[in-house]
file upload-v7.csv (CSV, C-alpha atoms)
chain,number,residue,atom,x,y,z
A,1,MET,CA,11.5,29.8,38.9
A,2,GLN,CA,7.9,29.8,37.9
A,3,LYS,CA,5.5,32.7,38.5
A,4,PRO,CA,3.1,31.4,41.2
A,5,GLU,CA,-0.6,30.9,40.6
A,6,ASN,CA,-1.3,32.7,43.9
A,7,HIS,CA,0.8,35.3,45.6
A,8,ILE,CA,0.3,36.0,49.3
A,9,PHE,CA,1.7,39.4,50.4
A,10,ILE,CA,2.1,40.1,54.1
A,11,CYS,CA,2.7,43.6,55.4
A,12,GLY,CA,5.9,43.6,57.4
A,13,SER,CA,5.8,47.3,58.3
A,14,THR,CA,9.4,47.9,57.3
A,15,ARG,CA,10.4,51.2,55.9
A,16,LEU,CA,12.7,51.3,52.8
A,17,ASN,CA,15.6,52.5,55.0
A,18,GLY,CA,15.4,49.2,56.9
A,19,LYS,CA,13.7,50.6,60.0
A,20,VAL,CA,10.9,48.3,61.3
A,21,GLN,CA,8.0,50.3,62.6
A,22,GLY,CA,4.2,50.1,62.8
A,23,ALA,CA,1.4,48.0,64.1
A,24,CYS,CA,1.8,45.0,61.9
A,25,GLN,CA,5.3,44.4,63.3
A,26,ASN,CA,4.0,45.0,66.9
A,27,LYS,CA,1.4,42.3,66.2
A,28,ASP,CA,4.0,39.7,65.1
A,29,SER,CA,3.5,40.0,61.3
A,30,HIS,CA,7.1,38.8,60.8
A,31,ASP,CA,6.2,35.5,62.6
A,32,LEU,CA,3.2,35.3,60.3
A,33,VAL,CA,5.4,35.5,57.2
A,34,GLN,CA,7.5,32.6,58.5
A,35,MET,CA,4.4,30.5,59.5
A,36,PHE,CA,2.6,31.1,56.2
A,37,THR,CA,5.8,30.0,54.4
A,38,GLU,CA,6.2,26.9,56.4
A,39,GLU,CA,2.6,25.9,56.0
A,40,VAL,CA,2.8,26.3,52.2
A,41,MET,CA,5.8,24.1,52.3
A,42,ASP,CA,4.1,21.5,54.5
A,43,ARG,CA,1.3,21.4,52.0
A,44,ASP,CA,3.8,21.0,49.1
A,45,LEU,CA,2.4,24.1,47.4
A,46,GLU,CA,5.6,26.1,46.9
A,47,GLY,CA,5.1,26.0,43.1
A,48,GLU,CA,1.6,27.3,43.3
A,49,ILE,CA,1.5,29.7,46.3
A,50,MET,CA,4.3,32.2,46.9
A,51,VAL,CA,4.6,34.1,50.2
A,52,THR,CA,6.3,37.5,50.1
A,53,TRP,CA,6.4,40.2,52.8
A,54,THR,CA,5.9,43.9,51.9
A,55,GLY,CA,6.7,47.3,53.2
A,56,CYS,CA,4.0,49.2,55.1
A,57,VAL,CA,0.6,49.4,53.2
A,58,GLY,CA,-0.7,52.2,55.4
A,59,ILE,CA,-3.6,50.6,57.3
A,60,CYS,CA,-1.7,49.7,60.4
A,61,GLU,CA,-4.8,49.9,62.6
A,62,LYS,CA,-6.2,46.8,60.8
A,63,GLY,CA,-2.9,44.9,60.8
A,64,PRO,CA,-1.5,42.4,60.4
A,65,ILE,CA,-2.6,42.7,56.7
A,66,VAL,CA,-2.5,39.7,54.4
A,67,MET,CA,-3.2,40.4,50.6
A,68,ILE,CA,-4.1,37.5,48.3
A,69,TYR,CA,-3.4,38.1,44.5
A,70,PRO,CA,-4.6,37.7,41.8
A,71,GLN,CA,-7.8,37.1,43.8
A,72,GLN,CA,-7.4,40.7,45.2
A,73,THR,CA,-8.6,39.8,48.6
A,74,TRP,CA,-7.3,41.8,51.6
A,75,TYR,CA,-7.5,40.3,55.1
A,76,GLY,CA,-7.0,42.2,58.4
A,77,GLU,CA,-6.1,41.4,62.0
A,78,VAL,CA,-4.8,38.0,60.8
A,79,THR,CA,-3.4,35.7,63.5
A,80,GLU,CA,-1.6,32.4,63.5
A,81,ASP,CA,-5.0,30.7,64.0
A,82,ASP,CA,-6.2,32.0,60.7
A,83,ILE,CA,-3.4,30.5,58.5
A,84,ASP,CA,-5.0,27.2,57.7
A,85,GLU,CA,-8.4,28.7,56.9
A,86,ILE,CA,-6.8,31.3,54.6
A,87,LEU,CA,-4.7,28.7,52.8
A,88,ASP,CA,-7.7,26.4,52.4
A,89,ALA,CA,-9.5,29.4,50.8
A,90,VAL,CA,-6.6,30.2,48.5
A,91,GLU,CA,-6.5,26.6,47.3
A,92,GLU,CA,-10.3,26.6,46.7
A,93,GLY,CA,-10.5,30.1,45.2
A,94,SER,CA,-12.8,31.1,48.0
A,95,VAL,CA,-12.7,33.8,50.6
A,96,VAL,CA,-12.6,33.9,54.5
A,97,GLU,CA,-15.4,36.5,54.8
A,98,ARG,CA,-14.9,37.2,58.5
A,99,LEU,CA,-11.4,38.5,57.9
A,100,VAL,CA,-12.0,40.6,54.8
A,101,ILE,CA,-11.2,44.3,55.0
A,102,SER,CA,-14.2,46.0,53.4
B,103,MET,CA,-8.5,53.9,52.5
B,104,GLN,CA,-9.7,52.0,49.5
B,105,LYS,CA,-8.3,48.8,48.2
B,106,PRO,CA,-6.6,49.8,44.9
B,107,GLU,CA,-7.7,48.5,41.5
B,108,ASN,CA,-4.1,47.9,40.6
B,109,HIS,CA,-1.3,47.0,42.9
B,110,ILE,CA,2.4,47.4,41.8
B,111,PHE,CA,4.8,45.5,43.9
B,112,ILE,CA,8.6,46.3,43.5
B,113,CYS,CA,11.2,43.9,45.0
B,114,GLY,CA,13.3,45.9,47.4
B,115,SER,CA,15.6,43.0,48.3
B,116,THR,CA,15.3,43.6,52.0
B,117,ARG,CA,15.4,40.7,54.4
B,118,LEU,CA,13.0,40.5,57.3
B,119,ASN,CA,15.7,41.4,59.7
B,120,GLY,CA,16.1,44.8,58.0
B,121,LYS,CA,19.3,43.9,56.1
B,122,VAL,CA,19.3,45.2,52.6
B,123,GLN,CA,20.9,42.7,50.2
B,124,GLY,CA,20.7,41.4,46.7
B,125,ALA,CA,20.8,42.5,43.1
B,126,CYS,CA,17.6,44.5,43.0
B,127,GLN,CA,19.0,46.8,45.6
B,128,ASN,CA,22.3,47.1,43.8
B,129,LYS,CA,20.3,48.1,40.7
B,130,ASP,CA,18.6,51.0,42.4
B,131,SER,CA,15.2,49.3,43.1
B,132,HIS,CA,14.7,51.6,46.0
B,133,ASP,CA,14.9,54.6,43.7
B,134,LEU,CA,12.4,52.8,41.4
B,135,VAL,CA,9.8,52.6,44.3
B,136,GLN,CA,10.1,56.3,44.9
B,137,MET,CA,9.9,57.2,41.2
B,138,PHE,CA,6.9,54.9,40.5
B,139,THR,CA,5.1,56.4,43.6
B,140,GLU,CA,5.8,60.0,42.4
B,141,GLU,CA,4.7,59.2,38.8
B,142,VAL,CA,1.4,57.7,40.1
B,143,MET,CA,0.8,60.9,42.1
B,144,ASP,CA,1.7,63.1,39.1
B,145,ARG,CA,-1.0,61.2,37.2
B,146,ASP,CA,-3.5,61.6,40.0
B,147,LEU,CA,-3.9,57.9,40.2
B,148,GLU,CA,-3.3,57.3,44.0
B,149,GLY,CA,-6.8,55.8,44.4
B,150,GLU,CA,-6.5,53.4,41.5
B,151,ILE,CA,-2.8,52.3,41.6
B,152,MET,CA,-0.9,51.5,44.8
B,153,VAL,CA,2.9,51.1,44.8
B,154,THR,CA,4.3,48.8,47.5
B,155,TRP,CA,7.8,47.4,47.8
B,156,THR,CA,8.5,43.8,48.9
B,157,GLY,CA,11.1,41.6,50.4
B,158,CYS,CA,13.2,39.5,48.0
B,159,VAL,CA,11.3,37.4,45.5
B,160,GLY,CA,14.3,35.2,44.7
B,161,ILE,CA,15.1,36.0,41.1
B,162,CYS,CA,17.8,38.6,41.7
B,163,GLU,CA,19.5,37.9,38.4
B,164,LYS,CA,16.4,39.4,36.6
B,165,GLY,CA,16.0,42.4,38.9
B,166,PRO,CA,14.8,44.9,39.5
B,167,ILE,CA,11.5,43.0,39.5
B,168,VAL,CA,8.2,44.8,39.2
B,169,MET,CA,4.9,42.8,39.7
B,170,ILE,CA,1.6,44.0,38.5
B,171,TYR,CA,-1.5,42.6,40.2
B,172,PRO,CA,-4.3,41.5,39.7
B,173,GLN,CA,-3.0,41.4,36.1
B,174,GLN,CA,-0.4,39.0,37.4
B,175,THR,CA,2.4,40.4,35.1
B,176,TRP,CA,6.0,40.2,36.2
B,177,TYR,CA,8.6,42.6,34.7
B,178,GLY,CA,12.3,42.2,34.9
B,179,GLU,CA,15.4,44.5,34.6
B,180,VAL,CA,13.1,47.5,34.9
B,181,THR,CA,14.8,50.9,34.8
B,182,GLU,CA,13.7,54.4,35.3
B,183,ASP,CA,13.1,54.8,31.6
B,184,ASP,CA,10.4,52.0,31.7
B,185,ILE,CA,8.1,53.6,34.3
B,186,ASP,CA,5.9,55.6,31.9
B,187,GLU,CA,5.4,52.7,29.6
B,188,ILE,CA,4.5,50.4,32.5
B,189,LEU,CA,2.1,52.8,34.0
B,190,ASP,CA,0.5,53.4,30.6
B,191,ALA,CA,0.0,49.6,30.3
B,192,VAL,CA,-1.4,49.3,33.8
B,193,GLU,CA,-4.0,52.1,33.0
B,194,GLU,CA,-4.9,50.4,29.7
B,195,GLY,CA,-4.9,46.9,31.0
B,196,SER,CA,-2.2,46.0,28.5
B,197,VAL,CA,1.3,44.5,28.9
B,198,VAL,CA,4.9,45.8,28.0
B,199,GLU,CA,5.9,42.6,26.3
B,200,ARG,CA,9.6,43.4,26.0
B,201,LEU,CA,10.0,43.5,29.8
B,202,VAL,CA,7.9,40.4,30.7
B,203,ILE,CA,9.6,37.6,32.6
B,204,SER,CA,8.6,34.4,30.9

call {"tool": "encode", "arguments": {"input": "upload-v7.csv", "output": "structure tokens"}}
result
Amino acid sequence: MQKPENHIFICGSTRLNGKVQGACQNKDSHDLVQMFTEEVMDRDLEGEIMVTWTGCVGICEKGPIVMIYPQQTWYGEVTEDDIDEILDAVEEGSVVERLVIS
Amino acid sequence: MQKPENHIFICGSTRLNGKVQGACQNKDSHDLVQMFTEEVMDRDLEGEIMVTWTGCVGICEKGPIVMIYPQQTWYGEVTEDDIDEILDAVEEGSVVERLVIS
């Protein structure tokens, strides 16, 4: 397994004890993880872009949260409709300004 | 809440359905998350270094896995004894070569 060029982390609101809580989960963040992963596969980018979900990052009011590294861009209130635009931006090294958490 | 300068992601081996499985978990990765978090607080670096655990990143045989972003350094087989050295490196912008997953 190669370390990916880009790593997309999606807050899944899960506590370490396995309990799923929080706003990201209520807003379908788990579906987002699955949909991002599938879209990366559809684009044949598994070697370049890795999708990983995370425990709560503590800004539930802005969830679902999607963090792009190493670009270090954080997006908030991400929906299914934003996936293509975010992945285009990751591929181009650009940013979807309207979703950025300032 | 500010976006951190450095983000430490630690694989917690948990599946999205809440099931905890895998080698990282067997090797006390959950304790590592807690210990990294406490050490960051002891160093008064909460604003600069964020610690977040993740779902399985798929290289269980090298776990526990610790990923440093935006530096984009991945460490494997991390133990409690490595925490100070890793945090020193994050603060300095350097790398603990002996732990790097190549």

call {"tool": "calpha_fit_and_write", "arguments": {"input": "upload-v7.csv", "fixed": "chain B", "moving": "chain A", "output": "CSV table (one decimal) with C-alpha atoms, in the coordinates of the input"}}
result
chain,number,residue,atom,x,y,z
A,1,MET,CA,-8.5,53.8,52.5
A,2,GLN,CA,-9.7,52.0,49.5
A,3,LYS,CA,-8.3,48.8,48.1
A,4,PRO,CA,-6.6,49.8,44.8
A,5,GLU,CA,-7.7,48.6,41.4
A,6,ASN,CA,-4.1,47.8,40.6
A,7,HIS,CA,-1.3,47.0,42.9
A,8,ILE,CA,2.3,47.4,41.8
A,9,PHE,CA,4.8,45.5,43.9
A,10,ILE,CA,8.5,46.3,43.6
A,11,CYS,CA,11.2,43.9,45.0
A,12,GLY,CA,13.3,45.9,47.4
A,13,SER,CA,15.6,43.0,48.3
A,14,THR,CA,15.3,43.6,52.0
A,15,ARG,CA,15.5,40.7,54.4
A,16,LEU,CA,12.9,40.5,57.3
A,17,ASN,CA,15.7,41.4,59.7
A,18,GLY,CA,16.1,44.7,58.0
A,19,LYS,CA,19.3,43.9,56.1
A,20,VAL,CA,19.3,45.2,52.5
A,21,GLN,CA,21.0,42.7,50.2
A,22,GLY,CA,20.7,41.4,46.6
A,23,ALA,CA,20.7,42.5,43.1
A,24,CYS,CA,17.6,44.5,43.0
A,25,GLN,CA,19.0,46.9,45.6
A,26,ASN,CA,22.4,47.1,43.7
A,27,LYS,CA,20.4,48.1,40.7
A,28,ASP,CA,18.6,51.0,42.4
A,29,SER,CA,15.2,49.3,43.0
A,30,HIS,CA,14.6,51.6,46.0
A,31,ASP,CA,14.9,54.6,43.7
A,32,LEU,CA,12.4,52.8,41.5
A,33,VAL,CA,9.9,52.5,44.3
A,34,GLN,CA,10.1,56.3,44.9
A,35,MET,CA,9.8,57.2,41.2
A,36,PHE,CA,6.9,54.8,40.5
A,37,THR,CA,5.1,56.5,43.5
A,38,GLU,CA,5.8,59.9,42.4
A,39,GLU,CA,4.6,59.2,38.9
A,40,VAL,CA,1.4,57.7,40.1
A,41,MET,CA,0.9,60.8,42.1
A,42,ASP,CA,1.7,63.1,39.1
A,43,ARG,CA,-0.9,61.2,37.2
A,44,ASP,CA,-3.5,61.6,40.1
A,45,LEU,CA,-3.9,57.8,40.2
A,46,GLU,CA,-3.3,57.2,43.9
A,47,GLY,CA,-6.8,55.9,44.4
A,48,GLU,CA,-6.5,53.4,41.6
A,49,ILE,CA,-2.8,52.3,41.5
A,50,MET,CA,-1.0,51.5,44.8
A,51,VAL,CA,2.8,51.1,44.8
A,52,THR,CA,4.3,48.8,47.5
A,53,TRP,CA,7.8,47.5,47.9
A,54,THR,CA,8.5,43.8,48.8
A,55,GLY,CA,11.1,41.6,50.4
A,56,CYS,CA,13.3,39.6,48.1
A,57,VAL,CA,11.3,37.4,45.5
A,58,GLY,CA,14.3,35.2,44.7
A,59,ILE,CA,15.1,36.1,41.1
A,60,CYS,CA,17.7,38.6,41.7
A,61,GLU,CA,19.5,37.9,38.4
A,62,LYS,CA,16.5,39.4,36.6
A,63,GLY,CA,16.0,42.4,39.0
A,64,PRO,CA,14.8,44.9,39.5
A,65,ILE,CA,11.5,43.0,39.5
A,66,VAL,CA,8.2,44.8,39.2
A,67,MET,CA,4.9,42.7,39.7
A,68,ILE,CA,1.6,44.1,38.5
A,69,TYR,CA,-1.6,42.6,40.3
A,70,PRO,CA,-4.3,41.6,39.8
A,71,GLN,CA,-3.1,41.4,36.1
A,72,GLN,CA,-0.3,39.0,37.3
A,73,THR,CA,2.3,40.4,35.1
A,74,TRP,CA,6.0,40.2,36.2
A,75,TYR,CA,8.5,42.6,34.7
A,76,GLY,CA,12.4,42.2,34.9
A,77,GLU,CA,15.4,44.5,34.6
A,78,VAL,CA,13.1,47.5,34.9
A,79,THR,CA,14.8,50.9,34.8
A,80,GLU,CA,13.6,54.5,35.3
A,81,ASP,CA,13.1,54.7,31.5
A,82,ASP,CA,10.4,52.0,31.7
A,83,ILE,CA,8.1,53.7,34.3
A,84,ASP,CA,5.9,55.6,32.0
A,85,GLU,CA,5.4,52.7,29.6
A,86,ILE,CA,4.5,50.4,32.4
A,87,LEU,CA,2.1,52.8,33.9
A,88,ASP,CA,0.5,53.5,30.6
A,89,ALA,CA,0.0,49.7,30.3
A,90,VAL,CA,-1.4,49.4,33.8
A,91,GLU,CA,-3.9,52.1,33.0
A,92,GLU,CA,-4.9,50.4,29.7
A,93,GLY,CA,-4.9,46.8,31.0
A,94,SER,CA,-2.2,46.0,28.6
A,95,VAL,CA,1.3,44.5,28.9
A,96,VAL,CA,4.9,45.8,28.1
A,97,GLU,CA,5.9,42.5,26.3
A,98,ARG,CA,9.6,43.4,26.1
A,99,LEU,CA,10.0,43.5,29.8
A,100,VAL,CA,7.9,40.4,30.7
A,101,ILE,CA,9.7,37.6,32.6
A,102,SER,CA,8.6,34.4,30.9

call {"tool": "closest_atom_pairs", "arguments": {"input": "upload-v7.csv", "of": "chain A", "to": "chain B", "cutoff": "7 Å", "atoms": "only C-alpha atoms", "output": "Markdown table"}}
result
| residue | atom | partner | partner_atom | distance |
| --- | --- | --- | --- | --- |
| A:Gly18 | CA | B:Gly120 | CA | 4.6 |
| A:Lys19 | CA | B:Gly120 | CA | 6.6 |
| A:Thr52 | CA | B:Gly157 | CA | 6.3 |
| A:Trp53 | CA | B:Gly157 | CA | 5.5 |
| A:Thr54 | CA | B:Thr156 | CA | 4.0 |
| A:Gly55 | CA | B:Trp155 | CA | 5.5 |
| A:Val57 | CA | B:Thr154 | CA | 6.8 |
| A:Tyr69 | CA | B:Pro172 | CA | 6.0 |
| A:Pro70 | CA | B:Pro172 | CA | 4.4 |
| A:Gln71 | CA | B:Pro172 | CA | 7.0 |
| A:Gln72 | CA | B:Pro172 | CA | 6.4 |

call {"tool": "write_last_selection", "arguments": {"input": "upload-v7.csv", "atoms": "C-alpha atoms", "output": "PDB file, keeping the file's coordinate frame"}}
result
ATOM      1  CA  GLY A  18      15.400  49.200  56.900  1.00  0.00           C
ATOM      2  CA  LYS A  19      13.700  50.600  60.000  1.00  0.00           C
ATOM      3  CA  THR A  52       6.300  37.500  50.100  1.00  0.00           C
ATOM      4  CA  TRP A  53       6.400  40.200  52.800  1.00  0.00           C
ATOM      5  CA  THR A  54       5.900  43.900  51.900  1.00  0.00           C
ATOM      6  CA  GLY A  55       6.700  47.300  53.200  1.00  0.00           C
ATOM      7  CA  VAL A  57       0.600  49.400  53.200  1.00  0.00           C
ATOM      8  CA  TYR A  69      -3.400  38.100  44.500  1.00  0.00           C
ATOM      9  CA  PRO A  70      -4.600  37.700  41.800  1.00  0.00           C
ATOM     10  CA  GLN A  71      -7.800  37.100  43.800  1.00  0.00           C
ATOM     11  CA  GLN A  72      -7.400  40.700  45.200  1.00  0.00           C
TER      12      GLN A  72
END

call {"tool": "atom_distance", "arguments": {"input": "upload-v7.csv", "atom1": "CA of Arg145 in chain B", "atom2": "CA of Glu193 in chain B"}}
result
10.5 Å

call {"tool": "atom_distance", "arguments": {"input": "upload-v7.csv", "atom1": "CA of Glu92 in chain A", "atom2": "CA of Ile65 in chain A"}}
result
20.5 Å

call {"tool": "closest_residue", "arguments": {"input": "upload-v7.csv", "among": "A:Ile83, A:Val95, A:Val90, A:Cys60", "to": "Glu39 in chain A", "atoms": "all atoms listed in the file"}}
result
A:Ile83

call {"tool": "atom_distance", "arguments": {"input": "upload-v7.csv", "atom1": "CA of Val180 in chain B", "atom2": "CA of Asp130 in chain B"}}
result
9.9 Å

call {"tool": "closest_residue", "arguments": {"input": "upload-v7.csv", "among": "A:Ser94, A:Asp84, A:Val66, A:Glu61", "to": "Asp42 in chain A", "atoms": "only C-alpha atoms"}}
result
A:Asp84

call {"tool": "closest_residue", "arguments": {"input": "upload-v7.csv", "among": "B:Tyr177, B:Val142, B:Ser131, B:Pro166", "to": "Leu201 in chain B", "atoms": "all atoms listed in the file"}}
result
B:Tyr177

call {"tool": "residues_near_point", "arguments": {"input": "upload-v7.csv", "point": "(-7.8, 42.2, 63.5)", "cutoff": "7 Å", "atoms": "all atoms listed in the file", "output": "number ranges by chain"}}
result
A: 62-63, 76-78
